[in-house]
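Notes follow once the structure below has been shown.
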Amino acid sequence: MAPQHDKPASRGLVTGVVVFYLVAALSMVMANKWVLNVTSAPLFFLWTQLLIAVALFVVSDALRLLPDRLTFDPQVCKGLVSMVALNIIGLSFSNYTLKYVDASFYQVARGLVLPFTIVTSFFAFRSVPSLRIFVACGIVTIGFFVGVFLDGTQVSMIGVFFGVVSSGITALHSVVIKESLNVVNGSALLLSWYTNLLSAIILLPICFLAGEGPGVMEVFFGDAPVSADGGMSLFATFVWGSLITGALGFLMSIASLLSIKVTSPITHMVSSAVRGVAASLLGMWLFSDVISSGRAGSISTILLGSIYYTWVKNQETQKPASSGGAYERVKMEDVEAGKDKPK
């Protein structure tokens, strides 16, 4: 679609992008879990994140900090209906997943993203996977079932259900995003702007239709501290969590434009593996999550299958001579667990 730059990115730039993604994505998961542990309004929390991201888009556009000027075209909005619907459902179910499962188990609960993506691509594009791709999917699937059914640690099956559904939505999202980019003339920035804006508009009434009114009232008018030792109030936790995750979501959507140009799929997948391990350790440290040998084995198996898939995909897409060495970047938000499409 857009030509790639021939000049390779500097090592410092690549390192900076990878480190930012690693820190930002980890902070997103932990901050989300921090708030979701104490609030009964996960959809309203998601709405505040979207609203903050939209506000930062507007401010950045006013200061001329963005490469593309933001627009609002009703015809474009109509063309993005399916994209926005999947975005709302996917983010909502992802939040519910994190609410009901440990932060260290979040990656396992959403471990079927890769197999679902392969299946969706087959039906949507008639893309027949190679044997090695099937092997990678098999490894990931085994890791998921080990973590859910064979580990002795008790897990929330409701959380697992939300994780499986959100994984399927993510897979569908990877298909819809291709046609959605055509609606905004290939601009990933405009696509992120429209998706965040329209999602925020539609999600607000859904919050109250879902019965989160009492939970919202509790956030704004409840005085009880989060912890018995006089910790931060629910309102303060909600506000700080929203500000942190909303700002990080916006920054990640901007950084994704740079990431596509300067990093390879292998680099992304290795950083994702590091993030998966770090998320488990942070979950154990911050939230006293239990990391059993079975759960550790499950996470390791899913990461191994994901890394193997990315290596195989990278090899296969670089193989044809007619491609001139170029390849279509593996969308990491569709392959990895914990980071949704950038907002």
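Ordering of the structure tokens sets the chain letters (A, B, ...); residue numbers start at 1 within each chain; ligands are numbered from 1 in the order shown.
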| field | Shell of 8 Å around segment 236-252 of chain A, only C-alpha atoms, local chain residues under 4 positions omitted, as a list in words | value | Tyr21, Ala24, Ser27, Met28, Ala31, Asn32, Trp34, Val35, Thr39, Phe45, Thr48, Gln49, Leu50, Leu51, Ile52, Ala53, Leu56, Phe57, Val219, Met232, Ser256, Pro342 and Lys343 of chain A
| task | Please identify which residues in segment 97-140 of chain A DSSP calls alpha helix (DSSP H) from the backbone, and express them as a PyMOL selection string. | result | chain A and resi 97-100+106-109+113-125+131-140
Exercise for review: Find the residues near segment 96-104 of chain A: any atom within 9 Å, counting only C-alpha atoms, skip ones fewer than 2 places away on the same chain, and give them as a count of residues only.
Suggested key: 44
Practice item. Kindly give the distance, in Å, that separates atom CA of Phe220 of chain A and atom CA of Val38 of chain A, rounded to a single decimal. Key: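 A separation of 13.2 Å between them.
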Mind checking which residues fall within 7 Å of segment 70-78 of chain A, counting only C-alpha atoms, ignoring those fewer than 6 positions away in the same chain, and posting them as a PyMOL selection string? chain A and resi 61+183-184+190
The distance between atom CA of Ser298 of chain A and atom CA of Gly90 of chain A is 23.2 Å
>> Please determine, counting only C-alpha atoms, which residue among A:Ala25, A:Ala62, A:Leu191, A:Val165 has the shortest atom-to-atom distance to Ile177 of chain A.
In response: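 Closest residue, counting only C-alpha atoms: A:Leu191.
Each of A:Val18, A:Leu150, A:Ile133, A:Met83 was checked against Gln315 of chain A using only C-alpha atoms; the smallest atom-to-atom distance is that of A:Ile133.
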Open item on the list: For a test of reading the model, state the distance in Å between atom CA of Leu203 of chain A and atom CA of Asn87 of chain A, rounded to one decimal.
Closed with: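 That distance, rounded to one decimal, is 10.4 Å.
For Val84 of chain A, the set of protein, DNA and RNA residues having any atom at most 7 Å away, when counting only C-alpha atoms and skipping those fewer than 2 positions along the same chain, is A:Leu80, A:Val81, A:Ser82, A:Leu86, A:Asn87, A:Ile88, A:Thr195, A:Leu198, A:Ser199.
The nearest approach to Leu303 of chain A among the residues A:Ile118, A:Leu112, A:Val148, A:Leu189, with only C-alpha atoms taken into account, belongs to A:Leu112.
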